[in-house]
>>> print(open('query35.pdb').read())   # PDB, C-alpha atoms
ATOM      1  CA  MET Z   1      -7.863   8.354  35.336
ATOM      2  CA  LEU Z   2      -7.065  10.189  32.156
ATOM      3  CA  VAL Z   3     -10.307  11.785  31.167
ATOM      4  CA  LEU Z   4     -10.992  13.266  27.795
ATOM      5  CA  ALA Z   5     -14.531  14.488  27.848
ATOM      6  CA  LEU Z   6     -16.768  13.580  25.018
ATOM      7  CA  ALA Z   7     -20.297  14.660  24.310
ATOM      8  CA  ALA Z   8     -22.802  11.942  25.060
ATOM      9  CA  ALA Z   9     -25.137  12.780  22.225
ATOM     10  CA  ALA Z  10     -24.957  10.600  19.125
ATOM     11  CA  CYS Z  11     -23.570  12.060  15.924
ATOM     12  CA  THR Z  12     -25.830  11.282  12.975
ATOM     13  CA  GLY Z  13     -23.818  12.096   9.903
ATOM     14  CA  GLN Z  14     -23.994  15.848  10.403
ATOM     15  CA  ASN Z  15     -20.784  16.628   8.556
ATOM     16  CA  GLY Z  16     -20.633  14.002   5.867
ATOM     17  CA  ASP Z  17     -22.601  12.399   3.109
ATOM     18  CA  GLU Z  18     -23.880   9.913   5.709
ATOM     19  CA  ASP Z  19     -23.384  12.130   8.187
ATOM     20  CA  PRO Z  20      15.050  16.738  31.661
ATOM     21  CA  PRO Z  21      15.996  13.390  33.014
ATOM     22  CA  SER Z  22      18.602  13.360  35.829
ATOM     23  CA  THR Z  23      20.944  11.166  33.746
ATOM     24  CA  PRO Z  24      20.986  10.627  29.989
ATOM     25  CA  PRO Z  25      18.224   8.163  29.098
ATOM     26  CA  PRO Z  26      18.896   4.902  27.292
ATOM     27  CA  GLN Z  27      19.182   5.571  23.582
ATOM     28  CA  PRO Z  28      15.853   4.719  21.979
ATOM     29  CA  THR Z  29      15.948   2.645  18.859
ATOM     30  CA  ALA Z  30      14.808   4.022  15.548
ATOM     31  CA  GLN Z  31      12.305   1.814  13.827
ATOM     32  CA  PRO Z  32      12.480   2.253  10.059
ATOM     33  CA  PRO Z  33      10.851  -0.507   8.033
ATOM     34  CA  THR Z  34      13.228  -3.376   7.381
ATOM     35  CA  GLY Z  35      13.018  -6.742   5.696
ATOM     36  CA  THR Z  36      10.872  -7.541   2.677
ATOM     37  CA  PRO Z  37       7.148  -8.088   2.161
ATOM     38  CA  ASP Z  38       7.739 -11.764   2.936
ATOM     39  CA  ALA Z  39      10.128 -11.374   5.890
ATOM     40  CA  PRO Z  40       9.675  -9.945   9.385
ATOM     41  CA  ALA Z  41      10.355  -6.249   9.862
ATOM     42  CA  VAL Z  42      10.348  -3.907  12.850
ATOM     43  CA  SER Z  43       7.230  -1.775  12.740
ATOM     44  CA  PRO Z  44       7.884   1.987  12.826
ATOM     45  CA  PHE Z  45       4.438   2.340  14.403
ATOM     46  CA  THR Z  46       4.707  -0.135  17.307
ATOM     47  CA  GLY Z  47       8.404  -1.122  17.539
ATOM     48  CA  GLU Z  48       7.357  -4.772  17.281
ATOM     49  CA  GLU Z  49       8.736  -7.315  14.842
ATOM     50  CA  GLY Z  50       6.432  -8.945  12.367
ATOM     51  CA  ARG Z  51       5.174  -8.982   8.823
ATOM     52  CA  GLN Z  52       3.581  -5.788   7.607
ATOM     53  CA  HIS Z  53       1.227  -4.791   4.834
ATOM     54  CA  GLY Z  54       0.102  -1.568   3.225
ATOM     55  CA  VAL Z  55      -1.100   1.144   5.596
ATOM     56  CA  LEU Z  56      -4.858   1.318   6.113
ATOM     57  CA  ALA Z  57      -6.479   4.145   8.087
ATOM     58  CA  VAL Z  58     -10.100   3.781   9.178
ATOM     59  CA  LYS Z  59     -12.321   6.573  10.518
ATOM     60  CA  LEU Z  60     -14.474   5.325  13.399
ATOM     61  CA  GLY Z  61     -17.448   6.655  15.275
ATOM     62  CA  ASN Z  62     -16.986   7.065  19.025
ATOM     63  CA  THR Z  63     -20.367   7.979  20.483
ATOM     64  CA  PRO Z  64     -22.004   5.586  22.968
ATOM     65  CA  SER Z  65     -24.117   4.111  20.192
ATOM     66  CA  ALA Z  66     -20.972   3.337  18.187
ATOM     67  CA  ARG Z  67     -19.524   1.159  20.946
ATOM     68  CA  PRO Z  68     -18.261  -1.473  21.365
ATOM     69  CA  HIS Z  69     -15.798  -1.145  18.505
ATOM     70  CA  THR Z  70     -14.825  -4.062  16.321
ATOM     71  CA  GLY Z  71     -11.185  -4.660  15.357
ATOM     72  CA  LEU Z  72      -9.735  -1.779  17.384
ATOM     73  CA  ARG Z  73      -7.388  -3.957  19.451
ATOM     74  CA  ALA Z  74      -5.623  -5.019  16.237
ATOM     75  CA  ALA Z  75      -4.722  -1.438  15.264
ATOM     76  CA  ASP Z  76      -1.107  -0.277  15.422
ATOM     77  CA  LEU Z  77      -2.140   3.295  16.186
ATOM     78  CA  VAL Z  78      -5.319   4.903  17.500
ATOM     79  CA  TYR Z  79      -5.813   8.658  17.152
ATOM     80  CA  VAL Z  80      -8.479  10.452  19.191
ATOM     81  CA  GLU Z  81      -9.902  13.482  17.412
ATOM     82  CA  LYS Z  82     -12.355  16.163  18.435
ATOM     83  CA  VAL Z  83     -15.144  16.911  15.974
ATOM     84  CA  GLU Z  84     -18.059  19.343  15.872
ATOM     85  CA  GLY Z  85     -20.238  19.796  18.924
ATOM     86  CA  GLY Z  86     -17.446  18.541  21.193
ATOM     87  CA  LEU Z  87     -17.932  14.972  19.950
ATOM     88  CA  SER Z  88     -15.054  12.594  19.316
ATOM     89  CA  ARG Z  89     -14.068  10.188  16.602
ATOM     90  CA  LEU Z  90     -11.183   7.776  16.262
ATOM     91  CA  MET Z  91      -8.702   7.100  13.499
ATOM     92  CA  ALA Z  92      -7.337   3.555  13.623
ATOM     93  CA  VAL Z  93      -4.228   2.720  11.580
ATOM     94  CA  TYR Z  94      -3.422  -0.852  10.526
ATOM     95  CA  ALA Z  95      -0.208  -2.196   9.002
ATOM     96  CA  SER Z  96       0.547  -5.363  10.998
ATOM     97  CA  ARG Z  97      -2.546  -7.302  11.996
ATOM     98  CA  THR Z  98      -5.570  -7.490   9.754
ATOM     99  CA  PRO Z  99      -8.887  -8.204  11.496
ATOM    100  CA  ASP Z 100     -11.838  -9.490   9.508
ATOM    101  CA  ARG Z 101     -13.904  -6.383  10.182
ATOM    102  CA  VAL Z 102     -13.355  -2.885  11.595
ATOM    103  CA  GLY Z 103     -16.036  -0.444  12.623
ATOM    104  CA  PRO Z 104     -18.339   1.218  12.893
ATOM    105  CA  VAL Z 105     -16.984   3.354  10.061
ATOM    106  CA  ARG Z 106     -17.950   7.033   9.911
ATOM    107  CA  SER Z 107     -17.257  10.091   7.780
ATOM    108  CA  ALA Z 108     -13.987  11.914   7.149
ATOM    109  CA  ARG Z 109     -12.976  15.423   8.237
ATOM    110  CA  GLU Z 110     -10.777  18.098   6.674
ATOM    111  CA  SER Z 111      -7.911  17.743   9.193
ATOM    112  CA  ASP Z 112      -7.710  14.007   8.473
ATOM    113  CA  LEU Z 113      -5.842  14.847   5.275
ATOM    114  CA  GLU Z 114      -3.080  16.654   7.181
ATOM    115  CA  LEU Z 115      -2.809  13.810   9.677
ATOM    116  CA  LEU Z 116      -2.590  11.143   6.984
ATOM    117  CA  ARG Z 117       0.097  12.835   4.860
ATOM    118  CA  GLN Z 118       2.837  11.464   7.161
ATOM    119  CA  PHE Z 119       2.031   7.940   5.974
ATOM    120  CA  GLY Z 120       2.626   8.755   2.300
ATOM    121  CA  HIS Z 121      -0.344   7.433   0.347
ATOM    122  CA  PRO Z 122      -2.213   5.164   2.770
ATOM    123  CA  ALA Z 123      -5.521   3.514   2.052
ATOM    124  CA  PHE Z 124      -8.281   5.481   3.775
ATOM    125  CA  ALA Z 125     -11.625   3.906   4.652
ATOM    126  CA  TYR Z 126     -14.515   6.203   5.562
ATOM    127  CA  SER Z 127     -18.271   6.206   5.146
ATOM    128  CA  GLY Z 128     -18.634   9.484   3.310
ATOM    129  CA  VAL Z 129     -17.591  13.106   3.274
ATOM    130  CA  ARG Z 130     -19.137  16.530   2.920
ATOM    131  CA  SER Z 131     -19.531  17.368  -0.758
ATOM    132  CA  ALA Z 132     -17.310  20.461  -0.534
ATOM    133  CA  LEU Z 133     -14.425  18.295   0.732
ATOM    134  CA  LYS Z 134     -14.575  15.671  -2.004
ATOM    135  CA  ASP Z 135     -12.202  17.513  -4.352
ATOM    136  CA  ASP Z 136      -9.641  17.938  -1.554
ATOM    137  CA  LEU Z 137      -9.748  14.210  -0.915
ATOM    138  CA  ARG Z 138      -9.368  13.390  -4.604
ATOM    139  CA  LYS Z 139      -6.341  15.688  -4.882
ATOM    140  CA  SER Z 140      -4.686  14.346  -1.734
ATOM    141  CA  PRO Z 141      -2.129  11.496  -1.777
ATOM    142  CA  VAL Z 142      -4.416   9.158   0.182
ATOM    143  CA  ARG Z 143      -5.849   6.121  -1.586
ATOM    144  CA  ARG Z 144      -9.546   6.663  -1.054
ATOM    145  CA  VAL Z 145     -11.733   3.690  -0.218
ATOM    146  CA  PRO Z 146     -15.104   5.285   0.595
ATOM    147  CA  ALA Z 147     -18.117   3.080   1.143
ATOM    148  CA  GLY Z 148     -19.972   4.596  -1.786
ATOM    149  CA  GLU Z 149     -17.248   3.716  -4.275
ATOM    150  CA  SER Z 150     -16.004   0.398  -2.879
ATOM    151  CA  PRO Z 151     -19.141  -1.451  -1.756
ATOM    152  CA  ASN Z 152     -17.444  -4.850  -1.786
ATOM    153  CA  ALA Z 153     -15.071  -3.655   0.950
ATOM    154  CA  TYR Z 154     -17.921  -2.952   3.356
ATOM    155  CA  THR Z 155     -20.686  -4.774   5.146
ATOM    156  CA  ARG Z 156     -23.683  -3.770   7.237
ATOM    157  CA  SER Z 157     -24.492  -5.305  10.619
ATOM    158  CA  SER Z 158     -28.118  -6.291  11.021
ATOM    159  CA  GLY Z 159     -27.826  -5.994  14.798
ATOM    160  CA  ARG Z 160     -27.071  -2.267  14.823
ATOM    161  CA  ALA Z 161     -28.870   0.840  13.642
ATOM    162  CA  VAL Z 162     -27.778   3.317  11.011
ATOM    163  CA  PRO Z 163     -25.313   5.054  11.015
ATOM    164  CA  ASP Z 164     -23.421   2.777  13.420
ATOM    165  CA  ASN Z 165     -23.786  -0.442  11.422
ATOM    166  CA  LEU Z 166     -21.194   0.059   8.672
ATOM    167  CA  TYR Z 167     -18.009  -2.042   8.834
ATOM    168  CA  VAL Z 168     -15.000  -2.271   6.541
ATOM    169  CA  ARG Z 169     -13.247  -5.464   5.523
ATOM    170  CA  PRO Z 170      -9.556  -4.466   5.746
ATOM    171  CA  LYS Z 171      -8.240  -7.040   3.283
ATOM    172  CA  ALA Z 172     -10.805  -6.033   0.697
ATOM    173  CA  ALA Z 173     -10.143  -2.340   1.336
ATOM    174  CA  LEU Z 174      -6.413  -2.816   0.755
ATOM    175  CA  ARG Z 175      -7.157  -4.664  -2.499
ATOM    176  CA  ALA Z 176      -9.426  -1.832  -3.595
ATOM    177  CA  ALA Z 177      -6.778   0.806  -2.855
ATOM    178  CA  GLU Z 178      -4.207   1.700  -5.485
ATOM    179  CA  ASP Z 179      -0.785   0.589  -4.181
ATOM    180  CA  PRO Z 180      -1.065   1.934  -0.602
ATOM    181  CA  SER Z 181       2.164   2.946   1.147
ATOM    182  CA  ARG Z 182       3.996   0.457   3.290
ATOM    183  CA  PRO Z 183       4.877   1.516   6.857
ATOM    184  CA  ARG Z 184       7.598   4.154   7.184
ATOM    185  CA  ASP Z 185       9.203   6.224   9.948
ATOM    186  CA  ILE Z 186       6.677   8.703  11.363
ATOM    187  CA  GLY Z 187       8.959   9.968  14.138
ATOM    188  CA  PHE Z 188       8.339   7.425  16.883
ATOM    189  CA  ARG Z 189      11.216   5.805  18.788
ATOM    190  CA  PHE Z 190      11.021   2.735  21.011
ATOM    191  CA  GLY Z 191      13.158   1.503  23.891
ATOM    192  CA  PRO Z 192      13.540   1.290  27.677
ATOM    193  CA  ALA Z 193      11.831   3.929  29.786
ATOM    194  CA  PRO Z 194      14.072   6.931  30.512
ATOM    195  CA  ASP Z 195      14.842   8.334  33.950
ATOM    196  CA  GLY Z 196      12.502  10.978  35.243
ATOM    197  CA  GLY Z 197       8.818  11.197  34.699
ATOM    198  CA  LYS Z 198       6.210  11.350  37.419
ATOM    199  CA  LYS Z 199       4.463   8.360  38.887
ATOM    200  CA  ASP Z 200       0.984   8.732  37.540
ATOM    201  CA  GLY Z 201      -1.285   5.728  37.526
ATOM    202  CA  SER Z 202      -4.225   7.978  36.772
ATOM    203  CA  HIS Z 203      -4.019  11.143  34.753
ATOM    204  CA  THR Z 204      -6.866  13.495  33.880
ATOM    205  CA  VAL Z 205      -7.528  15.793  30.925
ATOM    206  CA  ARG Z 206     -10.884  17.556  30.895
ATOM    207  CA  TYR Z 207     -13.101  18.666  28.039
ATOM    208  CA  PRO Z 208     -16.573  20.242  28.290
ATOM    209  CA  ALA Z 209     -18.584  17.005  28.527
ATOM    210  CA  ALA Z 210     -18.484  13.219  29.077
ATOM    211  CA  ARG Z 211     -15.301  11.267  29.775
ATOM    212  CA  PHE Z 212     -12.535   9.327  28.107
ATOM    213  CA  GLY Z 213      -9.827   7.820  30.293
ATOM    214  CA  PHE Z 214      -6.741   5.646  30.685
ATOM    215  CA  THR Z 215      -5.710   3.877  33.903
ATOM    216  CA  TRP Z 216      -2.388   2.113  34.382
ATOM    217  CA  SER Z 217      -2.544  -1.623  35.003
ATOM    218  CA  ALA Z 218       0.766  -2.991  36.324
ATOM    219  CA  GLY Z 219      -0.516  -6.539  35.885
ATOM    220  CA  GLN Z 220      -1.338  -6.035  32.220
ATOM    221  CA  GLU Z 221       1.469  -3.504  31.656
ATOM    222  CA  ARG Z 222      -0.763  -1.162  29.726
ATOM    223  CA  TRP Z 223      -3.141   1.756  30.120
ATOM    224  CA  LEU Z 224      -6.724   0.528  30.213
ATOM    225  CA  VAL Z 225      -9.240   2.613  28.344
ATOM    226  CA  SER Z 226     -12.506   3.911  29.741
ATOM    227  CA  MET Z 227     -15.145   5.826  27.861
ATOM    228  CA  ASP Z 228     -17.722   7.911  29.661
ATOM    229  CA  GLY Z 229     -16.688   6.307  32.956
ATOM    230  CA  ALA Z 230     -17.231   2.734  31.756
ATOM    231  CA  PRO Z 231     -14.513   0.213  30.853
ATOM    232  CA  ALA Z 232     -14.049   0.228  27.105
ATOM    233  CA  ARG Z 233     -14.170  -3.182  25.509
ATOM    234  CA  GLY Z 234     -14.071  -4.484  22.002
ATOM    235  CA  ALA Z 235     -16.954  -6.364  20.458
ATOM    236  CA  ASP Z 236     -15.285  -9.574  21.657
ATOM    237  CA  GLY Z 237     -15.519  -8.359  25.272
ATOM    238  CA  ASP Z 238     -11.778  -7.835  25.707
ATOM    239  CA  ARG Z 239     -10.639  -4.621  27.409
ATOM    240  CA  LEU Z 240      -9.070  -1.936  25.268
ATOM    241  CA  GLY Z 241      -5.659  -0.633  26.349
ATOM    242  CA  ALA Z 242      -2.174   0.321  25.176
ATOM    243  CA  PRO Z 243       1.384   0.385  26.603
ATOM    244  CA  THR Z 244       1.917   3.983  25.450
ATOM    245  CA  VAL Z 245      -0.475   6.911  25.417
ATOM    246  CA  VAL Z 246       0.438  10.339  24.046
ATOM    247  CA  VAL Z 247      -1.582  13.395  25.029
ATOM    248  CA  GLN Z 248      -0.603  15.923  22.370
ATOM    249  CA  TYR Z 249      -1.660  19.537  22.898
ATOM    250  CA  VAL Z 250      -2.505  21.179  19.584
ATOM    251  CA  THR Z 251      -4.364  24.135  18.146
ATOM    252  CA  MET Z 252      -7.952  23.375  17.188
ATOM    253  CA  ARG Z 253      -9.213  26.234  15.034
ATOM    254  CA  PRO Z 254     -12.493  26.496  13.147
ATOM    255  CA  SER Z 255     -12.419  24.760   9.789
ATOM    256  CA  ARG Z 256     -14.247  25.842   6.653
ATOM    257  CA  PHE Z 257     -17.187  23.620   7.469
ATOM    258  CA  ARG Z 258     -20.254  23.489   9.700
ATOM    259  CA  ASP Z 259     -22.642  20.657  10.387
ATOM    260  CA  VAL Z 260     -26.352  20.811   9.597
ATOM    261  CA  ALA Z 261     -27.028  22.367  13.010
ATOM    262  CA  GLY Z 262     -24.523  25.159  12.341
ATOM    263  CA  ALA Z 263     -21.777  23.832  14.627
ATOM    264  CA  VAL Z 264     -18.295  24.539  13.291
ATOM    265  CA  THR Z 265     -16.089  21.541  12.624
ATOM    266  CA  PRO Z 266     -12.716  21.993  14.373
ATOM    267  CA  TYR Z 267      -9.526  21.746  12.342
ATOM    268  CA  ILE Z 268      -6.829  19.898  14.310
ATOM    269  CA  GLU Z 269      -3.397  21.373  13.519
ATOM    270  CA  SER Z 270      -1.074  18.362  13.785
ATOM    271  CA  VAL Z 271       1.746  20.280  12.017
ATOM    272  CA  GLY Z 272       3.783  22.645  14.210
ATOM    273  CA  SER Z 273       5.191  22.209  17.706
ATOM    274  CA  GLY Z 274       4.087  22.245  21.313
ATOM    275  CA  ARG Z 275       3.947  20.312  24.513
ATOM    276  CA  ALA Z 276       2.801  16.791  25.102
ATOM    277  CA  LYS Z 277       2.622  14.195  27.836
ATOM    278  CA  VAL Z 278       3.702  10.620  27.255
ATOM    279  CA  LEU Z 279       2.276   7.944  29.525
ATOM    280  CA  ARG Z 280       4.166   4.659  29.834
ATOM    281  CA  ASP Z 281       5.058   2.196  32.608
ATOM    282  CA  GLY Z 282       2.787   3.998  35.075
ATOM    283  CA  ARG Z 283       4.639   7.295  34.697
ATOM    284  CA  ALA Z 284       3.980  10.569  32.888
ATOM    285  CA  TYR Z 285       6.736  12.354  30.965
ATOM    286  CA  ASP Z 286       6.505  15.991  29.923
ATOM    287  CA  VAL Z 287       7.887  16.293  26.408
ATOM    288  CA  ARG Z 288       7.857  18.553  23.365
ATOM    289  CA  TRP Z 289       6.493  17.587  19.982
ATOM    290  CA  LYS Z 290       7.513  18.909  16.564
ATOM    291  CA  ARG Z 291       6.202  18.176  13.103
ATOM    292  CA  PRO Z 292       7.749  20.500  10.464
ATOM    293  CA  SER Z 293       5.332  19.733   7.640
ATOM    294  CA  ALA Z 294       2.433  17.479   6.768
ATOM    295  CA  ALA Z 295       4.796  15.119   4.931
ATOM    296  CA  ASP Z 296       6.910  14.702   8.101
ATOM    297  CA  GLY Z 297       6.328  12.573  11.148
ATOM    298  CA  THR Z 298       6.213  13.901  14.713
ATOM    299  CA  ALA Z 299       9.281  13.876  16.969
ATOM    300  CA  PHE Z 300       8.723  13.742  20.736
ATOM    301  CA  THR Z 301      11.681  14.976  22.803
ATOM    302  CA  LEU Z 302      12.549  15.074  26.494
ATOM    303  CA  PRO Z 303      13.620  18.360  28.169
ATOM    304  CA  GLY Z 304      17.305  17.544  27.565
ATOM    305  CA  GLY Z 305      16.688  17.100  23.841
ATOM    306  CA  ALA Z 306      16.818  13.298  23.661
ATOM    307  CA  ARG Z 307      14.027  11.506  21.857
ATOM    308  CA  MET Z 308      11.330  10.114  24.128
ATOM    309  CA  PRO Z 309      11.185   6.329  23.723
ATOM    310  CA  PHE Z 310       7.782   4.659  23.626
ATOM    311  CA  ASP Z 311       7.084   1.175  24.898
ATOM    312  CA  ARG Z 312       6.546  -1.405  22.218
ATOM    313  CA  GLY Z 313       2.997  -2.130  21.210
ATOM    314  CA  GLN Z 314      -0.110  -0.211  20.274
ATOM    315  CA  VAL Z 315       0.096   3.574  20.686
ATOM    316  CA  TRP Z 316      -2.828   5.912  21.376
ATOM    317  CA  ILE Z 317      -2.418   9.579  20.398
ATOM    318  CA  VAL Z 318      -4.991  11.871  22.014
ATOM    319  CA  TYR Z 319      -5.273  15.312  20.471
ATOM    320  CA  ALA Z 320      -6.043  17.771  23.272
ATOM    321  CA  GLU Z 321      -6.626  21.492  22.893
ATOM    322  CA  ARG Z 322      -3.628  23.583  23.941
TER     323      ARG Z 322
END
>>> encode(input="query35.pdb", output="C-alpha cells")
Amino acid sequence: MLVLALAAAACTGQNGDEDPPSTPPPQPTAQPPTGTPDAPAVSPFTGEEGRQHGVLAVKLGNTPSARPHTGLRAADLVYVEKVEGGLSRLMAVYASRTPDRVGPVRSARESDLELLRQFGHPAFAYSGVRSALKDDLRKSPVRRVPAGESPNAYTRSSGRAVPDNLYVRPKAALRAAEDPSRPRDIGFRFGPAPDGGKKDGSHTVRYPAARFGFTWSAGQERWLVSMDGAPARGADGDRLGAPTVVVQYVTMRPSRFRDVAGAVTPYIESVGSGRAKVLRDGRAYDVRWKRPSAADGTAFTLPGGARMPFDRGQVWIVYAER
C-alpha cells in the first residue's frame, strides 16, 4: 500500500482567513486540446475524449473531519499537498465533468500559485487566504473565486461543522470567474504501458504521521485510495481511485508564513527537476520529472529519455519530500 502519512489532527483555518526499458516503449500520444467548445476534444489532463470547459481548481481539506469528499471522483486531476504541521490538503482540477458540488473547500497556500500557473488563468475556488497573501493572489494570473467574494458560488452543509461544511458549485464558480483558461498541454502523455517497471501492487511512502495509500485493483484497473488506513470513499459511498498515480519528489522549504500556532507553512517547489515514480497497471516506473518554469507543464521521462505514458483517466499527483 502506498502510504503518505498525514497528521490526524484537524486543521481549523490556521493559515487562512477561515483558517530504461529493455526495448523502446510504444510512443505515447500527445494530448493537446482539439475540437471546439461544442465538439469532443482529447483532454490533455486525462487523455480521454469528451467535451471540456474552463479549468477550475478547488482547494480541499483532507483531515478526517473533512471526509468523505464530495465531487472528487469527477476531477481530472488530484494533487496531494503537504501543509503546516504535517497536515495534507488536496487540489482538485476540473475541466471535463462538472459535479453539482465539490468540497469541503478550504484555504489557499502560497505554493498553490506556482502550481496553478501551468494552467494559464484557471478559476480558483478557495475558502480564504492569509491576509499577507491576498496581494499575491490578486497579481497572479488565476481567476479568483473566493467564498468571501463570490457567495452565490458556495453553499454550506447543515450536516457538517465549520470549517468542513463549505462547498463550491462548480458551474456557478466558472460563471463568476473572468474567462478562465480552457485545458492545455501541461506535459502529460498517454498511451500503452512501456516495457520495464516493477510489479508493485502495493507501494509505500512514509511521512511522520497517519497514512495515505493506493492499492492496485486488477479488477477495477485502478489504484484504490486509502486514507489513514481506511478505504477512501466519496460522499456517495463509491471508492476513490485512479488509473495513474505519480509520486513526485520535490523540495519543500519553509515559506514566508506561519500558522497561529507558529508552525511554518511549507512551500512546495513544483518548478525544477528530480525523480518520480509513476504507478500504472500494477507496476511502478522510476522516472525523472522536469518543469522549467511556472508557466510550463511537467515532463516525465523514462531512463532512456522517452516520455512516460500515463493510462487514460483521472491522475493523482502526490508531492513527496525529496
>>> resolve_selection(input="query35.pdb", expression="the PyMOL selection byres ((chain Z and resi 77) around 10)", output="PyMOL selection string")
chain Z and resi 45-46+57+72-76+78-79+91-95+242+313-317
>>> resolve_selection(input="query35.pdb", expression="the PyMOL selection byres ((chain Z and resi 98) around 10)", output="JSON, numbers by chain")
{"Z": [52, 53, 56, 71, 74, 75, 94, 95, 96, 97, 99, 100, 101, 102, 169, 170, 171]}
>>> closest_residue(input="query35.pdb", among="Z:Gly297, Z:Gly274, Z:Gly213, Z:Pro303", to="Asp195 (chain Z)", atoms="only C-alpha atoms")
Z:Pro303
>>> atom_distance(input="query35.pdb", atom1="CA of Val168 (chain Z)", atom2="CA of Leu60 (chain Z)")
10.2 Å
>>> residues_near_point(input="query35.pdb", point="(-11.2, 15.7, -0.7)", cutoff="10 Å", atoms="all atoms listed in the file", output="ChimeraX atom specification")
/Z:108-110,112-113,129-140,142,144
>>> atom_distance(input="query35.pdb", atom1="CA of Gly86 (chain Z)", atom2="CA of Pro266 (chain Z)")
9.0 Å
>>> resolve_selection(input="query35.pdb", expression="the PyMOL selection byres ((chain Z and resi 278) around 8)", output="list of chain:residue names")
Z:Thr244, Z:Val245, Z:Val246, Z:Val247, Z:Ala276, Z:Lys277, Z:Leu279, Z:Arg280, Z:Ala284, Z:Tyr285, Z:Asp286, Z:Val287
>>> write_last_selection(input="query35.pdb", atoms="C-alpha atoms", output="short mmCIF file (atom, residue, chain, number, x, y, z; two decimals), in the frame of the given file")
data_model
loop_
_atom_site.label_atom_id
_atom_site.label_comp_id
_atom_site.auth_asym_id
_atom_site.auth_seq_id
_atom_site.Cartn_x
_atom_site.Cartn_y
_atom_site.Cartn_z
CA THR Z 244 1.92 3.98 25.45
CA VAL Z 245 -0.48 6.91 25.42
CA VAL Z 246 0.44 10.34 24.05
CA VAL Z 247 -1.58 13.40 25.03
CA ALA Z 276 2.80 16.79 25.10
CA LYS Z 277 2.62 14.20 27.84
CA LEU Z 279 2.28 7.94 29.52
CA ARG Z 280 4.17 4.66 29.83
CA ALA Z 284 3.98 10.57 32.89
CA TYR Z 285 6.74 12.35 30.96
CA ASP Z 286 6.50 15.99 29.92
CA VAL Z 287 7.89 16.29 26.41
#
>>> atom_distance(input="query35.pdb", atom1="CA of Val225 (chain Z)", atom2="CA of Leu87 (chain Z)")
17.3 Å
>>> closest_residue(input="query35.pdb", among="Z:Gly282, Z:Gly234, Z:Gly272, Z:Pro309", to="Leu115 (chain Z)", atoms="only C-alpha atoms")
Z:Gly272
>>> closest_residue(input="query35.pdb", among="Z:Leu166, Z:Val58, Z:Ala66, Z:Leu224", to="Val145 (chain Z)", atoms="all atoms listed in the file")
Z:Val58
>>> closest_residue(input="query35.pdb", among="Z:Ser88, Z:Ser255, Z:Thr70, Z:Ser127", to="Ser107 (chain Z)", atoms="all atoms listed in the file")
Z:Ser127
>>> closest_residue(input="query35.pdb", among="Z:Pro141, Z:Pro231, Z:Pro163, Z:Gly85", to="Gly103 (chain Z)", atoms="only C-alpha atoms")
Z:Pro163
>>> closest_residue(input="query35.pdb", among="Z:Pro64, Z:Pro44, Z:Gly50, Z:Pro254", to="Met227 (chain Z)", atoms="only C-alpha atoms")
Z:Pro64
>>> residues_around(input="query35.pdb", residues="Lys59 (chain Z)", least_positions_apart="5", cutoff="6 Å", atoms="only C-alpha atoms", output="VMD selection string")
chain Z and resid 90 to 91 105 to 106 126
>>> residues_around(input="query35.pdb", residues="Arg89 (chain Z)", least_positions_apart="4", cutoff="8 Å", atoms="only C-alpha atoms", output="list in words")
Lys59, Leu60, Gly61, Asn62, Thr63, Val80, Glu81, Lys82 and Val83 of chain Z
